[in-house]
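Pasting target18.cif here (mmCIF, C-alpha atoms):
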data_work
loop_
_atom_site.label_atom_id
_atom_site.label_comp_id
_atom_site.auth_asym_id
_atom_site.auth_seq_id
_atom_site.Cartn_x
_atom_site.Cartn_y
_atom_site.Cartn_z
CA MET O 595 -34.88 -20.89 28.98
CA GLU O 596 -35.42 -19.07 25.73
CA LYS O 597 -36.79 -21.28 22.98
CA LEU O 598 -34.74 -21.40 19.79
CA THR O 599 -36.66 -20.82 16.58
CA GLU O 600 -35.75 -22.81 13.51
CA ILE O 601 -35.17 -20.68 10.45
CA GLU O 602 -35.09 -22.08 6.94
CA PHE O 603 -33.07 -20.24 4.28
CA THR O 604 -34.47 -20.51 0.78
CA GLY O 605 -33.44 -19.08 -2.55
CA ILE O 606 -29.72 -19.03 -1.68
CA ASN O 607 -27.33 -20.26 -4.34
CA VAL O 608 -23.89 -21.24 -3.07
CA GLN O 609 -21.16 -20.86 -5.65
CA ASP O 610 -17.58 -21.95 -5.24
CA LYS O 611 -14.91 -19.39 -6.07
CA GLU O 612 -13.31 -20.03 -9.43
CA PRO O 613 -9.74 -21.27 -9.03
CA ARG O 614 -6.88 -19.04 -10.17
CA ASN O 615 -5.57 -20.00 -13.59
CA PHE O 616 -3.41 -18.57 -16.33
CA SER O 617 -5.73 -19.09 -19.29
CA ASN O 618 -6.57 -16.15 -21.52
CA ASN O 619 -8.94 -13.83 -19.72
CA ALA O 620 -11.52 -11.82 -21.61
CA SER O 621 -10.79 -8.81 -19.41
CA SER O 622 -7.16 -8.85 -20.49
CA ILE O 623 -7.10 -6.72 -23.61
CA LEU O 624 -3.97 -7.66 -25.52
CA ILE O 625 -4.01 -5.76 -28.77
CA GLN O 626 -0.88 -7.45 -30.12
CA GLU O 627 2.08 -9.68 -29.35
CA ASP O 628 5.43 -9.19 -31.06
CA ASP O 629 8.88 -10.74 -31.11
CA ILE O 630 11.31 -7.82 -31.12
CA GLU O 631 14.78 -8.45 -32.51
CA THR O 632 17.57 -7.04 -30.39
CA PRO O 633 21.38 -7.43 -30.51
CA PHE O 634 21.01 -9.87 -27.60
CA GLY O 635 18.18 -12.12 -28.79
CA ASN O 636 14.46 -11.79 -29.40
CA LEU O 637 12.21 -10.34 -26.70
CA HIS O 638 8.55 -11.37 -26.75
CA VAL O 639 6.36 -8.35 -25.97
CA ALA O 640 2.64 -8.47 -25.14
CA ILE O 641 0.81 -5.14 -25.31
CA GLN O 642 -2.23 -4.39 -23.16
CA GLY O 643 -4.17 -1.18 -23.80
CA ASP O 644 -4.12 1.85 -26.10
CA ARG O 645 -0.65 2.55 -27.48
CA SER O 646 -1.36 6.29 -27.73
CA LYS O 647 -1.28 6.56 -23.93
CA LEU O 648 1.59 6.72 -21.45
CA ALA O 649 3.57 3.47 -21.30
CA ILE O 650 4.06 1.06 -18.42
CA LEU O 651 6.81 -1.46 -19.16
CA THR O 652 7.01 -4.65 -17.10
CA PHE O 653 9.74 -7.25 -16.64
CA HIS O 654 9.21 -10.53 -14.78
CA ASP O 655 11.16 -12.61 -12.25
CA ILE O 656 13.02 -15.89 -12.89
CA GLY O 657 10.70 -18.81 -13.63
CA LEU O 658 7.84 -16.50 -14.55
CA ASN O 659 6.67 -14.61 -17.63
CA ASN O 660 4.26 -11.80 -18.42
CA ILE O 661 1.23 -14.03 -17.79
CA THR O 662 2.23 -15.75 -14.56
CA CYS O 663 3.86 -12.65 -13.08
CA PHE O 664 1.50 -9.83 -14.09
CA GLN O 665 -1.79 -11.11 -15.55
CA GLY O 666 -3.63 -11.44 -12.25
CA PHE O 667 -2.64 -7.98 -11.02
CA PHE O 668 -3.28 -6.06 -14.24
CA ASN O 669 -6.66 -7.81 -14.58
CA PHE O 670 -7.54 -6.98 -10.96
CA THR O 671 -10.79 -5.02 -10.72
CA ASP O 672 -9.32 -2.02 -8.92
CA MET O 673 -6.60 -1.68 -11.57
CA GLN O 674 -9.01 -1.12 -14.45
CA PRO O 675 -9.68 2.60 -13.81
CA ILE O 676 -5.91 3.16 -13.72
CA LEU O 677 -5.21 1.16 -16.87
CA ARG O 678 -7.62 3.32 -18.86
CA HIS O 679 -4.92 5.98 -18.74
CA PHE O 680 -1.95 3.76 -19.68
CA CYS O 681 -0.69 1.18 -22.15
CA VAL O 682 1.21 -1.78 -20.70
CA TYR O 683 4.14 -3.38 -22.53
CA HIS O 684 4.91 -6.77 -20.98
CA VAL O 685 8.48 -7.76 -21.88
CA ASN O 686 9.65 -11.38 -21.61
CA ALA O 687 13.29 -12.42 -21.35
CA PRO O 688 14.49 -14.60 -24.27
CA GLY O 689 12.92 -18.05 -24.16
CA GLN O 690 10.69 -17.38 -21.14
CA GLU O 691 7.32 -16.77 -22.80
CA ASP O 692 4.66 -19.48 -23.00
CA GLY O 693 5.44 -22.02 -25.71
CA ALA O 694 8.97 -20.69 -26.28
CA LEU O 695 11.25 -22.74 -28.49
CA HIS O 696 14.30 -24.38 -26.95
CA LEU O 697 17.31 -22.05 -27.04
CA ARG O 698 20.68 -23.45 -28.11
CA PRO O 699 23.54 -21.28 -26.88
CA GLU O 700 27.22 -21.51 -27.78
CA GLN O 701 27.81 -22.97 -24.33
CA ASP O 702 25.58 -24.88 -21.99
CA ALA O 703 24.62 -23.59 -18.54
CA LEU O 704 27.89 -24.92 -17.10
CA GLY O 705 30.14 -23.31 -19.71
CA ASN O 706 30.73 -26.41 -21.86
CA PRO O 707 30.81 -25.88 -25.68
CA ASP O 708 27.58 -26.69 -27.49
CA SER O 709 28.00 -29.55 -29.96
CA LEU O 710 25.54 -28.03 -32.46
CA GLY O 711 27.72 -24.96 -33.05
CA ASN O 712 24.82 -22.53 -32.66
CA SER O 713 25.89 -18.87 -32.43
CA PHE O 714 23.36 -17.66 -29.85
CA THR O 715 24.71 -16.43 -26.50
CA TYR O 716 22.27 -15.79 -23.69
CA PRO O 717 22.42 -12.12 -22.60
CA THR O 718 23.79 -10.92 -19.29
CA MET O 719 21.76 -8.66 -16.97
CA ASP O 720 23.49 -5.62 -18.48
CA GLN O 721 22.67 -6.82 -21.99
CA LEU O 722 19.04 -7.48 -21.06
CA GLY O 723 18.91 -3.90 -19.85
CA GLU O 724 20.22 -2.72 -23.20
CA ALA O 725 17.78 -5.02 -25.02
CA ILE O 726 14.98 -3.00 -23.39
CA HIS O 727 16.23 -0.04 -25.42
CA SER O 728 15.44 -1.91 -28.63
CA VAL O 729 11.85 -2.35 -27.42
CA VAL O 730 11.62 1.34 -26.54
CA ASN O 731 12.90 2.33 -29.99
CA HIS O 732 10.68 -0.17 -31.81
CA TYR O 733 7.49 1.20 -30.30
CA LYS O 734 8.78 4.79 -30.24
CA ILE O 735 8.23 5.06 -26.49
CA LYS O 736 9.44 8.44 -25.23
CA ARG O 737 9.11 7.73 -21.51
CA PHE O 738 7.70 4.88 -19.48
CA ILE O 739 6.93 3.73 -15.95
CA GLY O 740 8.94 0.59 -15.22
CA PHE O 741 7.30 -2.23 -13.26
CA GLY O 742 9.72 -5.00 -12.29
CA VAL O 743 9.72 -8.06 -10.04
CA GLY O 744 12.84 -9.87 -8.80
CA ALA O 745 15.22 -10.28 -11.71
CA GLY O 746 13.10 -7.74 -13.58
CA VAL O 747 14.04 -5.15 -10.96
CA ASN O 748 17.71 -5.69 -11.77
CA VAL O 749 17.12 -5.36 -15.51
CA LEU O 750 15.02 -2.18 -15.25
CA CYS O 751 17.45 -0.55 -12.82
CA ARG O 752 20.32 -1.12 -15.25
CA TYR O 753 18.29 0.42 -18.05
CA ALA O 754 17.31 3.39 -15.88
CA LEU O 755 20.95 4.03 -14.97
CA ASN O 756 22.04 4.04 -18.62
CA HIS O 757 18.99 5.71 -20.17
CA PRO O 758 17.40 7.93 -17.50
CA GLU O 759 15.81 10.14 -20.16
CA HIS O 760 13.35 7.34 -21.04
CA VAL O 761 12.36 6.30 -17.50
CA ASP O 762 9.65 8.36 -15.84
CA SER O 763 9.50 6.30 -12.63
CA LEU O 764 9.99 2.76 -11.31
CA VAL O 765 7.90 0.34 -9.26
CA LEU O 766 10.25 -2.35 -7.93
CA ILE O 767 9.16 -5.49 -6.08
CA ASN O 768 11.69 -7.77 -4.32
CA GLY O 769 14.70 -5.93 -5.69
CA SER O 770 18.41 -6.54 -5.22
CA ALA O 771 21.29 -4.17 -5.95
CA ASP O 772 24.11 -6.58 -5.12
CA LYS O 773 25.63 -9.70 -6.64
CA ALA O 774 24.41 -13.16 -5.63
CA GLY O 775 25.42 -14.36 -2.17
CA TRP O 776 27.00 -17.73 -1.50
CA VAL O 777 23.75 -19.41 -0.39
CA GLU O 778 21.86 -18.21 -3.46
CA TRP O 779 24.79 -19.17 -5.68
CA GLY O 780 24.90 -22.73 -4.31
CA TYR O 781 21.17 -23.40 -4.61
CA GLN O 782 20.86 -21.82 -8.04
CA LYS O 783 23.91 -23.62 -9.44
CA LEU O 784 22.34 -26.93 -8.47
CA ASN O 785 19.00 -25.86 -9.94
CA SER O 786 20.70 -24.82 -13.18
CA TRP O 787 22.50 -28.16 -13.41
CA TYR O 788 19.25 -30.10 -13.11
CA LEU O 789 17.29 -27.79 -15.41
CA TRP O 790 19.86 -27.82 -18.21
CA ARG O 791 19.49 -31.60 -18.37
CA GLY O 792 15.73 -31.22 -18.76
CA ASN O 793 14.92 -32.27 -15.21
CA MET O 794 12.42 -30.26 -13.18
CA THR O 795 13.21 -31.94 -9.87
CA THR O 796 11.36 -31.63 -6.56
CA PHE O 797 14.38 -29.74 -5.25
CA THR O 798 14.03 -27.11 -7.99
CA GLU O 799 10.24 -26.91 -7.61
CA ASP O 800 10.57 -26.28 -3.89
CA TYR O 801 13.22 -23.62 -4.46
CA LEU O 802 11.12 -21.78 -7.06
CA LEU O 803 8.07 -21.79 -4.79
CA TRP O 804 10.19 -20.47 -1.92
CA HIS O 805 11.74 -17.83 -4.20
CA TRP O 806 8.30 -16.66 -5.35
CA PHE O 807 6.29 -16.90 -2.12
CA GLY O 808 8.48 -17.60 0.90
CA SER O 809 7.78 -20.29 3.50
CA LYS O 810 4.77 -18.74 5.26
CA THR O 811 2.65 -18.22 2.16
CA GLN O 812 3.25 -21.81 1.04
CA TRP O 813 1.70 -23.04 4.29
CA GLU O 814 -1.14 -20.51 4.53
CA ASN O 815 -2.21 -20.04 0.89
CA TYR O 816 -2.44 -23.56 -0.42
CA ASP O 817 -4.74 -22.75 -3.36
CA LEU O 818 -2.42 -20.09 -4.79
CA THR O 819 0.75 -22.14 -4.45
CA THR O 820 -1.00 -25.17 -5.97
CA VAL O 821 -1.73 -23.16 -9.12
CA TYR O 822 1.94 -22.30 -9.44
CA LYS O 823 2.97 -25.89 -8.75
CA GLU O 824 0.93 -26.89 -11.78
CA TYR O 825 2.41 -24.06 -13.83
CA ILE O 826 5.96 -25.23 -13.05
CA LYS O 827 5.29 -28.37 -15.07
CA SER O 828 4.97 -26.27 -18.25
CA ILE O 829 8.27 -24.37 -17.84
CA ASN O 830 10.97 -24.98 -20.44
CA PRO O 831 13.75 -26.17 -18.09
CA GLN O 832 16.71 -25.51 -20.39
CA ASN O 833 15.61 -21.96 -21.14
CA LEU O 834 15.02 -21.26 -17.46
CA SER O 835 18.49 -22.60 -16.70
CA LEU O 836 20.01 -19.96 -18.99
CA LEU O 837 18.11 -17.10 -17.33
CA ILE O 838 19.08 -18.36 -13.87
CA GLU O 839 22.75 -18.46 -14.89
CA SER O 840 22.50 -14.92 -16.22
CA TYR O 841 20.87 -13.62 -13.04
CA LEU O 842 23.32 -15.56 -10.88
CA ALA O 843 26.27 -13.90 -12.66
CA ARG O 844 24.88 -10.40 -12.14
CA THR O 845 27.24 -7.67 -11.03
CA PRO O 846 26.37 -5.08 -8.35
CA LEU O 847 24.45 -2.07 -9.63
CA GLY O 848 27.11 0.17 -8.14
CA ILE O 849 24.60 2.68 -6.78
CA GLU O 850 24.96 4.48 -3.48
CA ARG O 851 23.17 7.03 -1.34
CA GLU O 852 24.89 10.38 -0.99
CA LEU O 853 23.16 13.03 1.11
CA ASP O 854 25.77 15.74 0.66
CA PRO O 855 24.42 18.02 -2.13
CA VAL O 856 27.91 18.72 -3.50
CA ARG O 857 29.15 15.15 -3.74
CA ARG O 858 25.74 13.92 -4.88
CA ILE O 859 26.34 15.39 -8.35
CA GLY O 860 28.81 12.66 -9.33
CA THR O 861 27.12 9.82 -7.44
CA LYS O 862 25.70 6.89 -9.40
CA THR O 863 22.08 6.35 -8.40
CA LEU O 864 18.55 6.23 -9.78
CA THR O 865 17.33 9.72 -10.64
CA CYS O 866 13.65 8.89 -11.16
CA GLN O 867 10.87 8.55 -8.59
CA THR O 868 10.91 4.99 -7.25
CA LEU O 869 8.44 2.89 -5.27
CA LEU O 870 9.90 -0.16 -3.53
CA ILE O 871 7.41 -2.86 -2.47
CA VAL O 872 8.03 -5.99 -0.41
CA GLY O 873 5.96 -8.30 1.77
CA ASP O 874 6.79 -8.54 5.47
CA ASP O 875 7.25 -12.32 5.07
CA SER O 876 9.09 -12.10 1.74
CA PRO O 877 12.32 -14.09 1.40
CA HIS O 878 13.73 -10.97 -0.31
CA LEU O 879 12.95 -8.50 2.47
CA ASP O 880 16.57 -7.92 3.52
CA GLU O 881 17.71 -7.39 -0.08
CA THR O 882 14.94 -4.87 -0.69
CA VAL O 883 15.80 -2.99 2.50
CA GLU O 884 19.44 -2.83 1.37
CA LEU O 885 18.34 -1.51 -2.04
CA ASN O 886 16.27 1.16 -0.29
CA GLY O 887 19.35 2.19 1.68
CA LYS O 888 21.26 2.85 -1.54
CA LEU O 889 18.64 5.14 -3.12
CA ASP O 890 17.94 8.84 -2.72
CA PRO O 891 15.35 9.16 0.10
CA GLU O 892 13.88 12.26 -1.52
CA LYS O 893 12.89 10.23 -4.58
CA THR O 894 12.18 6.84 -3.02
CA ASP O 895 9.11 5.44 -1.26
CA PHE O 896 9.41 2.14 0.63
CA LEU O 897 6.28 0.08 1.25
CA LYS O 898 6.29 -3.07 3.38
CA ILE O 899 2.98 -4.93 3.18
CA GLN O 900 1.71 -6.83 6.19
CA ASP O 901 0.34 -10.38 5.87
CA CYS O 902 2.17 -10.85 2.60
CA GLY O 903 4.94 -13.13 1.37
CA GLY O 904 7.07 -12.87 -1.73
CA MET O 905 4.37 -12.22 -4.34
CA PRO O 906 2.42 -9.08 -3.38
CA LEU O 907 0.79 -8.83 -6.82
CA GLU O 908 -1.04 -12.12 -6.16
CA GLU O 909 -1.31 -12.10 -2.38
CA GLN O 910 -2.31 -8.46 -1.76
CA PRO O 911 -3.30 -6.93 -5.12
CA GLY O 912 -5.66 -4.42 -3.48
CA LYS O 913 -2.94 -2.90 -1.32
CA VAL O 914 -0.44 -2.78 -4.19
CA CYS O 915 -3.04 -1.21 -6.48
CA GLU O 916 -3.87 1.49 -3.95
CA ALA O 917 -0.19 2.25 -3.32
CA PHE O 918 0.41 2.42 -7.08
CA ARG O 919 -2.50 4.83 -7.53
CA LEU O 920 -1.19 7.15 -4.82
CA PHE O 921 2.33 6.89 -6.23
CA LEU O 922 1.03 7.96 -9.65
CA GLN O 923 -0.98 10.81 -8.17
CA GLY O 924 2.09 12.01 -6.29
CA MET O 925 3.68 12.54 -9.72
CA GLY O 926 0.59 14.26 -11.14
CA TYR O 927 -1.06 11.34 -12.96
CA VAL O 928 -4.72 10.26 -12.68
CA PRO O 929 -5.54 13.07 -10.21
CA THR O 930 -9.30 12.45 -10.28
CA LEU O 931 -9.19 8.75 -9.39
CA ARG O 932 -10.40 7.87 -5.92
CA GLN O 933 -9.94 4.87 -3.69
CA SER O 934 -12.04 1.83 -4.57
CA THR O 935 -14.46 0.65 -1.90
CA SER O 936 -12.96 -2.85 -2.18
CA THR O 937 -9.54 -1.63 -1.00
CA VAL O 938 -8.50 -1.38 2.62
CA SER O 939 -8.61 2.29 3.64
CA GLN O 940 -5.59 1.99 5.93
CA VAL O 941 -3.34 1.69 2.87
CA ALA O 942 -4.47 5.04 1.57
CA LYS O 943 -4.19 6.68 4.97
CA ASN O 944 -0.64 5.50 5.63
CA TYR O 945 0.71 6.02 2.14
CA GLN O 946 -0.93 9.41 1.60
CA GLN O 947 0.61 10.65 4.85
CA GLN O 948 4.00 9.57 3.51
CA LEU O 949 3.55 11.47 0.25
CA ASP O 950 2.33 14.59 2.04
CA ASP O 951 5.12 14.69 4.62
CA PHE O 952 8.30 13.62 2.87
CA ARG O 953 9.81 11.04 0.54
CA GLY O 954 11.68 7.98 1.73
CA THR O 955 9.84 7.10 4.95
CA ASN O 956 9.28 3.38 5.58
CA THR O 957 5.58 2.67 5.35
CA VAL O 958 3.87 -0.43 6.70
CA CYS O 959 0.34 -1.24 5.71
#

Translate this file's structure into structure tokens.
Amino acid sequence: MEKLTEIEFTGINVQDKEPRNFSNNASSILIQEDDIETPFGNLHVAIQGDRSKLAILTFHDIGLNNITCFQGFFNFTDMQPILRHFCVYHVNAPGQEDGALHLRPEQDALGNPDSLGNSFTYPTMDQLGEAIHSVVNHYKIKRFIGFGVGAGVNVLCRYALNHPEHVDSLVLINGSADKAGWVEWGYQKLNSWYLWRGNMTTFTEDYLLWHWFGSKTQWENYDLTTVYKEYIKSINPQNLSLLIESYLARTPLGIERELDPVRRIGTKTLTCQTLLIVGDDSPHLDETVELNGKLDPEKTDFLKIQDCGGMPLEEQPGKVCEAFRLFLQGMGYVPTLRQSTSTVSQVAKNYQQQLDDFRGTNTVC
């Protein structure tokens, strides 16, 4: 029998991985933060990068803001070579930024008159889309790449339909083109009722975590979901209630796919290049697939990410970053950038094949 030799390891320092947090990161270069007045309320905008470069404009999902929705991804190591060529404008819905003051609308979340007689009315999804135009005019942005998640997808799509001349392309994660279904309406109405009364209940916490991550990620990625559980405690419940009510009352985008070249001329649809992203375990997979079915396949790329729930930017930032790079290069941007060694090569192989062959093919990576 072979004798086992004892080996002693010396000079090895074991370091625990730093937990994910939302504190200010030195690598996040925010050159300014502004509150932009619009006809539909103030929008808090955080700017990351050189304003002389092409703009990327982001809009977050319900319950999130520019920090909790986008900070981790835009500070991701593989994103830094890309960001050297762009300036990012992170737009927050009214009252959703960190430390936001309590909003007092004319009516509460259930439609009852406000006793204080305040004149503010929380904007609808259409009005939030128009509020984006005030941001574009304020910073004199000629064209931008929209980057939206969840409710942010709905807002950016509405802006792109009304102002296509300012939208260069769109990256949409967990998007929906239709009005709220009965199940969503029931859950969100109950959430709104609790939140408006200042109560962040366990029921609402569980729903938000499911909305963001889905069931599988909550079980398999305990560290990530724990960070967001702690973040939920800092949310302004009344302000979130107003955004939920606005998103819940959304109307269908009214877009449709028309393949006939003659009838396509009068069809309402997105005219810019669009990248749809969703995790294969996302609770919004079906809605994103339906949105894909309403868009022009010649201008739309659909990416379903394996081993990913409802928050690809946090769960699979490397794959999203690589897909975003290839999407940009397909439009002629950052042509000299190459794949980072830290990114899975299969993403590049699959997605590049899609861009080379034709637009609109479902890609799984």

Practice prompt. Would you kindly translate the PyMOL selection byres ((chain O and resi 751) around 9) into the concrete residues it picks from this file, as an NGL selection string?
Written response: :O and (723 or 740 or 742 or 746-750 or 752-756 or 764 or 766 or 771 or 847 or 864)

Next, dump the selected residues to file, keeping only C-alpha atoms, as a compact mmCIF listing (two decimals), keeping the file's coordinate frame.
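The resulting again_6.txt:
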# COMPACT_ATOMS: atom_id res chain seq x y z
CA GLY O 723 18.91 -3.90 -19.85
CA GLY O 740 8.94 0.59 -15.22
CA GLY O 742 9.72 -5.00 -12.29
CA GLY O 746 13.10 -7.74 -13.58
CA VAL O 747 14.04 -5.15 -10.96
CA ASN O 748 17.71 -5.69 -11.77
CA VAL O 749 17.12 -5.36 -15.51
CA LEU O 750 15.02 -2.18 -15.25
CA ARG O 752 20.32 -1.12 -15.25
CA TYR O 753 18.29 0.42 -18.05
CA ALA O 754 17.31 3.39 -15.88
CA LEU O 755 20.95 4.03 -14.97
CA ASN O 756 22.04 4.04 -18.62
CA LEU O 764 9.99 2.76 -11.31
CA LEU O 766 10.25 -2.35 -7.93
CA ALA O 771 21.29 -4.17 -5.95
CA LEU O 847 24.45 -2.07 -9.63
CA LEU O 864 18.55 6.23 -9.78

Hey, could you make a per-residue contact list for segment 761-851 of chain O against segment 693-697 of chain O with 9 Å as the cut-off, showing the nearest pair of atoms and its distance in Å to one decimal, counting all atoms listed in the file, sorted by chain and number, as CSV?
residue,atom,partner,partner_atom,distance
O:Ser828,CA,O:Gly693,CA,8.6
O:Ile829,CA,O:Gly693,CA,8.7
O:Asn830,CA,O:His696,CA,7.3
O:Gln832,CA,O:His696,CA,7.1
O:Asn833,CA,O:Leu697,CA,6.1
O:Leu836,CA,O:Leu697,CA,8.7

Worksheet entry | Reference answer for the PyMOL selection byres ((chain O and resi 882-888) around 10), as an NGL selection string | :O and (744 or 766-772 or 847-852 or 862-864 or 868-873 or 876-881 or 889-891 or 894-896 or 898 or 954 or 956)

Practice prompt. With the file shown as input, list the residues that the PyMOL selection byres ((chain O and resi 927) around 12) selects, as a list in words.
Written response: Lys647, Leu648, Ile676, Leu677, Arg678, His679, Phe680, Ile739, Asp762, Ser763, Phe918, Arg919, Leu920, Phe921, Leu922, Gln923, Gly924, Met925, Gly926, Val928, Pro929, Thr930 and Leu931 of chain O

Worksheet item: Which of these, O:Cys663, O:Leu834, O:Val765, O:Val639, has the shortest distance to Glu908 of chain O once you count only C-alpha atoms?
Response: O:Cys663

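When only C-alpha atoms are used to measure the gap to Lys734 of chain O, the shortest distance among O:Phe634, O:Leu789, O:His760, O:Trp779 belongs to O:His760.
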
Which polymer residues, whether protein, DNA or RNA, lie within 8 Å of the coordinate (22.1, -16.3, -10.8) when you count only C-alpha atoms? List them as a PDB file with C-alpha atoms, keeping the file's coordinate frame, using the chain letters and numbers from the file.
ATOM      1  CA  ALA O 774      24.410 -13.160  -5.630  1.00  0.00           C
ATOM      2  CA  GLU O 778      21.860 -18.210  -3.460  1.00  0.00           C
ATOM      3  CA  TRP O 779      24.790 -19.170  -5.680  1.00  0.00           C
ATOM      4  CA  GLN O 782      20.860 -21.820  -8.040  1.00  0.00           C
ATOM      5  CA  LYS O 783      23.910 -23.620  -9.440  1.00  0.00           C
ATOM      6  CA  LEU O 837      18.110 -17.100 -17.330  1.00  0.00           C
ATOM      7  CA  ILE O 838      19.080 -18.360 -13.870  1.00  0.00           C
ATOM      8  CA  GLU O 839      22.750 -18.460 -14.890  1.00  0.00           C
ATOM      9  CA  SER O 840      22.500 -14.920 -16.220  1.00  0.00           C
ATOM     10  CA  TYR O 841      20.870 -13.620 -13.040  1.00  0.00           C
ATOM     11  CA  LEU O 842      23.320 -15.560 -10.880  1.00  0.00           C
ATOM     12  CA  ALA O 843      26.270 -13.900 -12.660  1.00  0.00           C
ATOM     13  CA  ARG O 844      24.880 -10.400 -12.140  1.00  0.00           C
TER      14      ARG O 844
END

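For the set O:Glu799, O:Asp875, O:Asp817, O:Glu916, the residue with the smallest atom-to-atom gap to Thr671 of chain O is O:Glu916, counting only C-alpha atoms.
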
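Candidate residues O:Thr845, O:Ile656, O:Ile859, O:Leu818 were compared for distance to Gly775 of chain O, and the nearest is O:Thr845, using all atoms listed in the file.
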
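Straight-line separation from atom CA of Ile826 of chain O to atom CA of Asn669 of chain O: 21.6 Å.
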
Worksheet item: Between atom CA of Gly792 of chain O and atom CA of Pro831 of chain O, what is the spacing in Å?
Response: 5.5 Å

Discussion item. Need the shell around His684 of chain O: protein/DNA/RNA residues with any atom at most 6 Å away, counting all atoms listed in the file. Skip same-chain ones fewer than 6 positions apart. Format as a list in words?
Written reply: Val639, Ala640, Leu651, Thr652 and Asn660 of chain O

Worksheet, complete the sentence: Across O:Thr795, O:Thr632, O:Ser835, O:Gln626, the smallest distance to Gln690 of chain O, with only C-alpha atoms counted, is shown by O:Ser835
